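Undergrad: The following file, my_file_11.txt, comprises compact mmCIF, C-alpha atoms (C1' of nucleotides):
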```txt
# COMPACT_ATOMS: atom_id res chain seq x y z
CA MET S 1 -62.53 -21.40 -0.96
CA LYS S 2 -60.49 -20.96 2.18
CA LEU S 3 -60.99 -19.46 5.59
CA ALA S 4 -58.78 -16.57 6.60
CA HIS S 5 -57.02 -16.88 9.90
CA ASP S 6 -59.28 -14.25 11.48
CA ASP S 7 -62.35 -16.09 10.28
CA GLN S 8 -61.11 -19.30 11.85
CA GLU S 9 -60.60 -17.62 15.18
CA LYS S 10 -64.15 -16.30 15.03
CA ILE S 11 -65.79 -19.64 14.50
CA ILE S 12 -63.62 -21.58 16.93
CA PRO S 13 -65.44 -20.45 20.07
CA ALA S 14 -68.79 -21.03 18.38
CA LEU S 15 -67.89 -24.57 17.38
CA LYS S 16 -66.55 -25.28 20.85
CA VAL S 17 -69.95 -24.35 22.19
CA LEU S 18 -71.82 -26.42 19.62
CA GLY S 19 -69.45 -29.33 20.04
CA GLU S 20 -70.79 -30.36 23.41
CA PRO S 21 -73.46 -33.05 22.95
CA ASN S 22 -75.86 -32.02 25.68
CA ARG S 23 -75.57 -28.41 24.68
CA LEU S 24 -76.46 -29.25 21.11
CA ARG S 25 -79.39 -31.30 22.32
CA ILE S 26 -80.63 -28.38 24.34
CA LEU S 27 -80.21 -26.10 21.38
CA CYS S 28 -82.06 -28.45 19.07
CA SER S 29 -84.88 -28.80 21.54
CA LEU S 30 -85.57 -25.10 21.12
CA GLY S 31 -87.41 -23.32 18.39
CA LEU S 32 -88.10 -19.67 17.88
CA GLU S 33 -90.97 -19.99 20.32
CA CYS S 34 -89.50 -19.61 23.80
CA ARG S 35 -89.78 -22.38 26.35
CA PRO S 36 -89.23 -22.34 30.09
CA VAL S 37 -86.22 -24.09 31.57
CA THR S 38 -88.43 -26.70 33.17
CA ASP S 39 -89.53 -27.85 29.73
CA ILE S 40 -85.94 -28.14 28.57
CA ILE S 41 -85.07 -30.17 31.64
CA LYS S 42 -87.92 -32.55 30.91
CA ALA S 43 -87.11 -32.73 27.21
CA THR S 44 -83.45 -33.52 27.75
CA GLY S 45 -83.52 -35.48 30.96
CA LEU S 46 -80.56 -33.51 32.27
CA GLY S 47 -80.19 -32.10 35.77
CA GLN S 48 -81.42 -28.61 36.53
CA THR S 49 -77.99 -27.25 37.40
CA ASN S 50 -76.52 -28.70 34.29
CA VAL S 51 -79.17 -27.30 31.99
CA SER S 52 -78.77 -23.92 33.60
CA PHE S 53 -75.03 -24.12 33.09
CA HIS S 54 -75.33 -24.96 29.41
CA LEU S 55 -78.00 -22.35 28.80
CA ARG S 56 -75.66 -19.72 30.12
CA VAL S 57 -72.94 -20.83 27.73
CA LEU S 58 -75.38 -20.85 24.83
CA ARG S 59 -76.64 -17.41 25.75
CA GLU S 60 -73.19 -15.89 26.14
CA ALA S 61 -72.22 -17.36 22.78
CA GLY S 62 -75.18 -15.60 21.20
CA PHE S 63 -77.12 -18.70 20.20
CA VAL S 64 -80.14 -18.25 22.43
CA ARG S 65 -81.81 -15.47 24.30
CA SER S 66 -83.78 -15.51 27.52
CA GLU S 67 -86.74 -13.55 28.63
CA ARG S 68 -88.53 -13.50 31.91
CA ARG S 69 -92.27 -14.08 32.08
CA GLY S 70 -93.49 -14.07 35.60
CA SER S 71 -91.56 -16.54 37.67
CA PHE S 72 -90.42 -18.46 34.60
CA ILE S 73 -87.53 -17.70 32.32
CA TYR S 74 -88.09 -18.57 28.70
CA TYR S 75 -85.32 -19.50 26.29
CA CYS S 76 -85.40 -19.62 22.53
CA LEU S 77 -83.21 -19.50 19.50
CA ILE S 78 -82.14 -16.09 18.37
CA ASP S 79 -82.43 -17.03 14.74
CA SER S 80 -83.55 -20.20 13.05
CA ASP S 81 -80.88 -19.84 10.38
CA LEU S 82 -78.55 -21.58 12.77
CA LEU S 83 -80.68 -24.69 12.43
CA ARG S 84 -80.40 -24.33 8.68
CA ILE S 85 -76.63 -24.42 8.96
CA LEU S 86 -76.79 -27.49 11.16
CA HIS S 87 -79.14 -29.03 8.68
CA ASP S 88 -76.64 -28.31 5.89
CA LEU S 89 -73.98 -30.05 7.91
CA LYS S 90 -76.19 -33.08 8.39
CA HIS S 91 -76.91 -33.13 4.69
CA TRP S 92 -73.20 -32.96 3.95
CA LEU S 93 -72.53 -35.85 6.32
CA ASP S 94 -75.22 -37.92 4.63
CA ILE S 95 -73.57 -37.46 1.27
CA GLU S 96 -70.01 -38.15 2.30
CA MET D 1 -87.27 -25.92 10.68
CA LYS D 2 -86.23 -28.41 13.30
CA LEU D 3 -83.76 -31.23 13.56
CA ALA D 4 -85.11 -34.70 14.19
CA HIS D 5 -83.56 -36.62 17.03
CA ASP D 6 -81.74 -38.93 14.66
CA ASP D 7 -80.31 -36.00 12.76
CA GLN D 8 -78.99 -34.51 15.96
CA GLU D 9 -77.24 -37.71 16.89
CA LYS D 10 -75.61 -37.76 13.47
CA ILE D 11 -74.11 -34.31 13.69
CA ILE D 12 -73.05 -34.53 17.34
CA PRO D 13 -69.88 -36.55 16.70
CA ALA D 14 -69.00 -34.31 13.75
CA LEU D 15 -69.35 -31.16 15.81
CA LYS D 16 -67.33 -32.67 18.61
CA VAL D 17 -64.53 -33.22 16.14
CA LEU D 18 -64.80 -29.71 14.71
CA GLY D 19 -65.11 -28.17 18.16
CA GLU D 20 -61.48 -28.67 19.06
CA PRO D 21 -59.51 -25.51 18.23
CA ASN D 22 -56.28 -27.08 17.02
CA ARG D 23 -58.19 -29.61 15.00
CA LEU D 24 -60.15 -26.89 13.28
CA ARG D 25 -56.94 -25.02 12.58
CA ILE D 26 -55.45 -28.10 11.01
CA LEU D 27 -58.58 -28.59 8.93
CA CYS D 28 -58.60 -24.99 7.78
CA SER D 29 -54.95 -25.19 6.83
CA LEU D 30 -55.88 -27.80 4.25
CA GLY D 31 -57.34 -27.39 0.83
CA LEU D 32 -58.32 -29.94 -1.75
CA GLU D 33 -54.68 -30.13 -2.77
CA CYS D 34 -53.01 -32.57 -0.42
CA ARG D 35 -50.15 -31.50 1.82
CA PRO D 36 -47.65 -33.57 3.75
CA VAL D 37 -47.83 -33.70 7.52
CA THR D 38 -44.61 -31.75 7.81
CA ASP D 39 -46.28 -28.78 6.16
CA ILE D 40 -49.19 -28.96 8.55
CA ILE D 41 -46.83 -29.05 11.49
CA LYS D 42 -45.07 -25.95 10.24
CA ALA D 43 -48.31 -24.19 9.42
CA THR D 44 -49.85 -24.81 12.82
CA GLY D 45 -46.80 -24.79 15.07
CA LEU D 46 -48.09 -27.88 16.87
CA GLY D 47 -46.03 -30.90 17.86
CA GLN D 48 -45.66 -33.79 15.45
CA THR D 49 -47.35 -36.33 17.71
CA ASN D 50 -50.22 -33.99 18.35
CA VAL D 51 -50.81 -33.24 14.69
CA SER D 52 -50.72 -36.92 13.93
CA PHE D 53 -53.27 -37.55 16.64
CA HIS D 54 -55.67 -34.91 15.37
CA LEU D 55 -55.26 -36.00 11.77
CA ARG D 56 -56.34 -39.45 12.73
CA VAL D 57 -59.46 -38.09 14.39
CA LEU D 58 -60.24 -35.94 11.36
CA ARG D 59 -59.71 -38.87 9.04
CA GLU D 60 -61.88 -41.24 11.05
CA ALA D 61 -64.60 -38.62 11.14
CA GLY D 62 -64.52 -38.45 7.37
CA PHE D 63 -63.30 -34.89 7.03
CA VAL D 64 -59.94 -35.55 5.45
CA ARG D 65 -58.28 -38.32 3.55
CA SER D 66 -54.67 -39.35 3.40
CA GLU D 67 -52.59 -40.73 0.63
CA ARG D 68 -49.05 -41.94 0.60
CA ARG D 69 -46.56 -40.54 -1.88
CA GLY D 70 -43.16 -41.98 -1.37
CA SER D 71 -42.06 -41.52 2.19
CA PHE D 72 -44.54 -38.69 2.75
CA ILE D 73 -48.19 -38.95 3.64
CA TYR D 74 -50.39 -36.28 2.15
CA TYR D 75 -53.59 -35.06 3.73
CA CYS D 76 -56.38 -33.03 2.20
CA LEU D 77 -60.02 -32.21 2.55
CA ILE D 78 -62.42 -34.74 1.16
CA ASP D 79 -64.74 -32.05 -0.10
CA SER D 80 -64.51 -28.29 -0.03
CA ASP D 81 -68.21 -27.96 0.70
CA LEU D 82 -67.30 -28.39 4.33
CA LEU D 83 -65.46 -25.08 4.15
CA ARG D 84 -68.55 -23.57 2.62
CA ILE D 85 -70.56 -24.65 5.65
CA LEU D 86 -67.97 -23.20 7.99
CA HIS D 87 -68.04 -20.05 5.95
CA ASP D 88 -71.82 -19.90 6.31
CA LEU D 89 -71.41 -20.23 10.05
CA LYS D 90 -68.92 -17.38 10.12
CA HIS D 91 -71.28 -15.27 8.06
CA TRP D 92 -74.08 -16.03 10.46
CA LEU D 93 -71.90 -15.06 13.41
CA ASP D 94 -71.01 -11.78 11.72
CA ILE D 95 -74.67 -10.89 11.35
CA GLU D 96 -75.82 -11.84 14.82
C1' DC J 1 -93.71 -10.80 54.75
C1' DA J 2 -93.38 -15.82 54.85
C1' DC J 3 -93.34 -19.52 51.86
C1' DG J 4 -92.71 -22.25 47.76
C1' DA J 5 -91.54 -22.76 42.94
C1' DA J 6 -88.24 -21.61 39.11
C1' DT J 7 -83.71 -20.56 38.01
C1' DA J 8 -78.89 -19.21 38.88
C1' DT J 9 -74.33 -19.49 41.08
C1' DG J 10 -70.08 -21.00 43.82
C1' DC J 11 -67.47 -24.83 44.66
C1' DG J 12 -65.40 -29.39 44.62
C1' DT J 13 -65.04 -33.72 42.06
C1' DT J 14 -64.36 -36.44 38.26
C1' DG J 15 -63.92 -37.92 33.72
C1' DA J 16 -62.69 -37.08 29.11
C1' DC J 17 -59.49 -35.74 26.04
C1' DA J 18 -55.43 -33.00 24.40
C1' DT J 19 -50.61 -33.10 24.84
C1' DT J 20 -46.02 -35.03 25.33
C1' DC J 21 -42.43 -38.57 25.56
C1' DA J 22 -40.50 -42.64 24.02
C1' DT J 23 -40.61 -45.79 20.64
C1' DA J 24 -42.22 -48.28 16.55
C1' DT J 25 -43.16 -48.58 11.63
C1' DG J 26 -42.65 -47.64 6.85
C1' DC J 27 -40.12 -45.87 2.98
C1' DG J 28 -36.23 -44.09 0.18
C1' DT J 29 -31.25 -44.08 -0.61
C1' DG J 30 -26.59 -45.17 -0.26
C1' DC I 1 -29.31 -54.14 4.66
C1' DA I 2 -28.10 -50.10 7.39
C1' DC I 3 -29.27 -45.56 8.03
C1' DG I 4 -32.15 -41.42 8.14
C1' DC I 5 -36.38 -39.11 7.55
C1' DA I 6 -41.59 -38.95 7.82
C1' DT I 7 -45.32 -40.50 10.32
C1' DA I 8 -47.87 -43.42 13.62
C1' DT I 9 -48.77 -45.54 18.05
C1' DG I 10 -48.76 -46.70 23.22
C1' DA I 11 -48.38 -45.13 27.63
C1' DA I 12 -48.12 -41.42 31.09
C1' DT I 13 -49.38 -36.88 32.24
C1' DG I 14 -51.85 -32.64 32.41
C1' DT I 15 -55.71 -29.73 31.84
C1' DC I 16 -60.05 -28.20 31.33
C1' DA I 17 -64.85 -28.45 31.37
C1' DA I 18 -69.15 -31.03 32.57
C1' DC I 19 -71.67 -32.45 36.38
C1' DG I 20 -73.76 -32.58 41.05
C1' DC I 21 -74.50 -30.63 45.59
C1' DA I 22 -75.60 -26.99 48.39
C1' DT I 23 -77.21 -22.57 48.52
C1' DA I 24 -78.62 -18.05 46.78
C1' DT I 25 -81.79 -15.25 44.16
C1' DT I 26 -86.02 -13.86 42.09
C1' DC I 27 -90.69 -13.93 41.61
C1' DG I 28 -95.69 -15.02 42.56
C1' DT I 29 -99.20 -15.95 46.01
C1' DG I 30 -101.36 -16.52 50.37
```
Starting from the file, give its structure as structure tokens.
TA:
Amino acid sequence: MKLAHDDQEKIIPALKVLGEPNRLRILCSLGLECRPVTDIIKATGLGQTNVSFHLRVLREAGFVRSERRGSFIYYCLIDSDLLRILHDLKHWLDIE
Amino acid sequence: MKLAHDDQEKIIPALKVLGEPNRLRILCSLGLECRPVTDIIKATGLGQTNVSFHLRVLREAGFVRSERRGSFIYYCLIDSDLLRILHDLKHWLDIE
DNA sequence: CACGAATATGCGTTGACATTCATATGCGTG
DNA sequence: CACGCATATGAATGTCAACGCATATTCGTG
């Protein structure tokens, strides 16, 4: 099986987004249940500005969505299948 | 489904490697049949030094292997299941 | 509406890493 | 063994993106 050129160009931006360690940590700290940014900051130990920056990237790449509840903004995964793919990758790495 | 902390740390380096556009292009230009570096250079249009650099990163990350045949060095994917995972990702992106 | 908490944004800095150049190494062939 | 081709490596450079600071925005509450 091979990837057509167009397919490559589609996944390149996505992998660039996932390829940043702190961004992946943020992503993995999320589930389908939304969590406020404050929680993510605590969970990751990153600075507020930085978390906000990465969340924007993740959102614009279509990995997470945000929703306002009162004065908080909640973030969560759009679809847990992404975690499945990451899990597949981990499994692959374990084998090789 | 969630990814344990240890699992995250395992896939982070792999995704960093895959997250570089030219590196992914090089990877996608390969199949299980090995190809000499010269072919990869032609296929990607990148400079020789640069291709060599990325190939080393890909090799050290366990994505490709190299084998000498005469004065040429052939590179190929270790396992085509990696392409399957990339394909899954593309499919996921198409849906979302 | 003033204030404080939660989050976002503009900007400058810095560090990491891709890229290139020059050169080295390894191999085949005469 | 001298030469040429294929590839690797070391050093110098360039570029981009993460990070932090300061500040803006948005909301709830008194």
Undergrad: What's around Cys28 of chain D at 12 Å? Count all atoms listed in the file, leave out sequence neighbours fewer than 2 positions away in its own chain, and write the answer as number ranges by chain.
TA: S: 1-9, 11-12; D: 18, 21-26, 30-32, 40, 43-44, 58, 63-64, 75-77, 80, 82-84, 86-87
Undergrad: With only C-alpha atoms (C1' of nucleotides) considered, list every residue of chain I at most 8 Å from chain S, as a PyMOL selection string.
TA: chain I and resi 18-20+26-28
Undergrad: Just give me the residues with any atom within 12 Å of (-70.2, -28.6, 51.0), file coordinates, counting only C-alpha atoms (C1' of nucleotides), written as a list in words.
TA: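 With a cut-off of 12 Å, the residues come to DG10, DC11, DG12 and DT13 of chain J; DG20, DC21, DA22 and DT23 of chain I.
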Undergrad: Can I get the selected residues back with C-alpha atoms (C1' of nucleotides), as a PDB file, in the coordinates of the input?
TA:
```pdb
ATOM      1  C1'  DG J  10     -70.080 -21.000  43.820  1.00  0.00           C
ATOM      2  C1'  DC J  11     -67.470 -24.830  44.660  1.00  0.00           C
ATOM      3  C1'  DG J  12     -65.400 -29.390  44.620  1.00  0.00           C
ATOM      4  C1'  DT J  13     -65.040 -33.720  42.060  1.00  0.00           C
TER       5       DT J  13
ATOM      6  C1'  DG I  20     -73.760 -32.580  41.050  1.00  0.00           C
ATOM      7  C1'  DC I  21     -74.500 -30.630  45.590  1.00  0.00           C
ATOM      8  C1'  DA I  22     -75.600 -26.990  48.390  1.00  0.00           C
ATOM      9  C1'  DT I  23     -77.210 -22.570  48.520  1.00  0.00           C
TER      10       DT I  23
END
```
Undergrad: Once 4 Å is added on each side, what are the centre and the three edge lengths, in Å to one decimal, of the axis-aligned box enclosing the listed atoms of segment 17-30 of chain I? Present them as lines of an AutoDock Vina configuration file.
TA:
```
center_x = -83.1
center_y = -23.2
center_z = 40.9
size_x = 44.5
size_y = 26.7
size_z = 27.0
```
Undergrad: Just how far from atom CA of Ser29 of chain S is atom CA of Ala61 of chain S, in Å to one decimal?
TA: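 Distance reported for this atom pair: 17.1 Å.
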Undergrad: Atom C1' of DA24 of chain J to atom CA of Leu55 of chain D: how many Å, to one decimal?
TA: 18.5 Å
Undergrad: Residues of chain J within 9 Å of chain S, counting only C-alpha atoms (C1' of nucleotides) - could you list those as a list of chain:residue names?
TA: J:DA5, J:DA6, J:DT7, J:DA8
Undergrad: Between D:Gly19, D:Pro13, D:Glu33, D:Glu60, single out the one closest to chain S, counting all atoms listed in the file.
TA: D:Gly19
Undergrad: Any idea what the distance is between atom CA of Leu89 of chain D and atom CA of Ala14 of chain S?
TA: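 That distance, rounded to one decimal, is 8.8 Å.
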Undergrad: Do you know which residues are at most 12 Å from DG4 of chain I counting all atoms listed in the file, after dropping those on the same chain fewer than 5 positions away, and could you put them as a list in words?
TA: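 Near DG4 of chain I, the qualifying residues are Ser71 of chain D; DC27, DG28, DT29 and DG30 of chain J.
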Undergrad: With distances taken over only C-alpha atoms, which residue among S:Val57, S:Ile41, S:Leu93, S:Cys34 lies nearest chain D?
TA: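 Under the stated criterion, the closest residue is S:Leu93.
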Undergrad: Can you rebuild segment 53-77 of chain S with N, CA and C atoms and give it as a tab-separated table (two decimals), keeping the file's coordinate frame?
TA:
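Saved file part-v5.tsv follows:
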```tsv
chain	number	residue	atom	x	y	z
S	53	PHE	N	-76.42	-24.36	33.49
S	53	PHE	CA	-75.03	-24.12	33.09
S	53	PHE	C	-74.90	-24.01	31.57
S	54	HIS	N	-75.45	-24.96	30.87
S	54	HIS	CA	-75.33	-24.96	29.41
S	54	HIS	C	-76.09	-23.80	28.78
S	55	LEU	N	-77.22	-23.47	29.35
S	55	LEU	CA	-78.00	-22.35	28.80
S	55	LEU	C	-77.21	-21.05	28.91
S	56	ARG	N	-76.46	-20.92	29.99
S	56	ARG	CA	-75.66	-19.72	30.12
S	56	ARG	C	-74.60	-19.66	29.02
S	57	VAL	N	-73.95	-20.79	28.79
S	57	VAL	CA	-72.94	-20.83	27.73
S	57	VAL	C	-73.55	-20.50	26.38
S	58	LEU	N	-74.71	-21.10	26.10
S	58	LEU	CA	-75.38	-20.85	24.83
S	58	LEU	C	-75.78	-19.38	24.69
S	59	ARG	N	-76.20	-18.81	25.79
S	59	ARG	CA	-76.64	-17.41	25.75
S	59	ARG	C	-75.44	-16.50	25.53
S	60	GLU	N	-74.36	-16.75	26.27
S	60	GLU	CA	-73.19	-15.89	26.14
S	60	GLU	C	-72.53	-16.03	24.77
S	61	ALA	N	-72.77	-17.17	24.12
S	61	ALA	CA	-72.22	-17.36	22.78
S	61	ALA	C	-73.13	-16.75	21.72
S	62	GLY	N	-74.29	-16.27	22.15
S	62	GLY	CA	-75.18	-15.60	21.20
S	62	GLY	C	-76.08	-16.54	20.42
S	63	PHE	N	-76.28	-17.75	20.93
S	63	PHE	CA	-77.12	-18.70	20.20
S	63	PHE	C	-78.58	-18.63	20.65
S	64	VAL	N	-78.77	-18.33	21.91
S	64	VAL	CA	-80.14	-18.25	22.43
S	64	VAL	C	-80.32	-16.95	23.20
S	65	ARG	N	-81.57	-16.62	23.45
S	65	ARG	CA	-81.81	-15.47	24.30
S	65	ARG	C	-82.82	-15.88	25.35
S	66	SER	N	-82.86	-15.16	26.44
S	66	SER	CA	-83.78	-15.51	27.52
S	66	SER	C	-84.65	-14.31	27.83
S	67	GLU	N	-85.83	-14.64	28.30
S	67	GLU	CA	-86.74	-13.55	28.63
S	67	GLU	C	-87.61	-14.02	29.78
S	68	ARG	N	-87.76	-13.14	30.72
S	68	ARG	CA	-88.53	-13.50	31.91
S	68	ARG	C	-90.01	-13.26	31.68
S	69	ARG	N	-90.81	-14.27	32.09
S	69	ARG	CA	-92.27	-14.08	32.08
S	69	ARG	C	-92.77	-14.59	33.41
S	70	GLY	N	-93.06	-13.67	34.27
S	70	GLY	CA	-93.49	-14.07	35.60
S	70	GLY	C	-92.35	-14.74	36.32
S	71	SER	N	-92.62	-15.87	36.92
S	71	SER	CA	-91.56	-16.54	37.67
S	71	SER	C	-90.77	-17.50	36.79
S	72	PHE	N	-91.14	-17.59	35.53
S	72	PHE	CA	-90.42	-18.46	34.60
S	72	PHE	C	-89.45	-17.65	33.75
S	73	ILE	N	-88.41	-18.33	33.28
S	73	ILE	CA	-87.53	-17.70	32.32
S	73	ILE	C	-87.58	-18.52	31.05
S	74	TYR	N	-87.91	-17.89	29.98
S	74	TYR	CA	-88.09	-18.57	28.70
S	74	TYR	C	-86.84	-18.42	27.84
S	75	TYR	N	-86.47	-19.51	27.20
S	75	TYR	CA	-85.32	-19.50	26.29
S	75	TYR	C	-85.76	-19.87	24.88
S	76	CYS	N	-85.13	-19.24	23.92
S	76	CYS	CA	-85.40	-19.62	22.53
S	76	CYS	C	-84.20	-19.26	21.65
S	77	LEU	N	-84.23	-19.81	20.48
S	77	LEU	CA	-83.21	-19.50	19.50
S	77	LEU	C	-83.29	-18.04	19.11
```
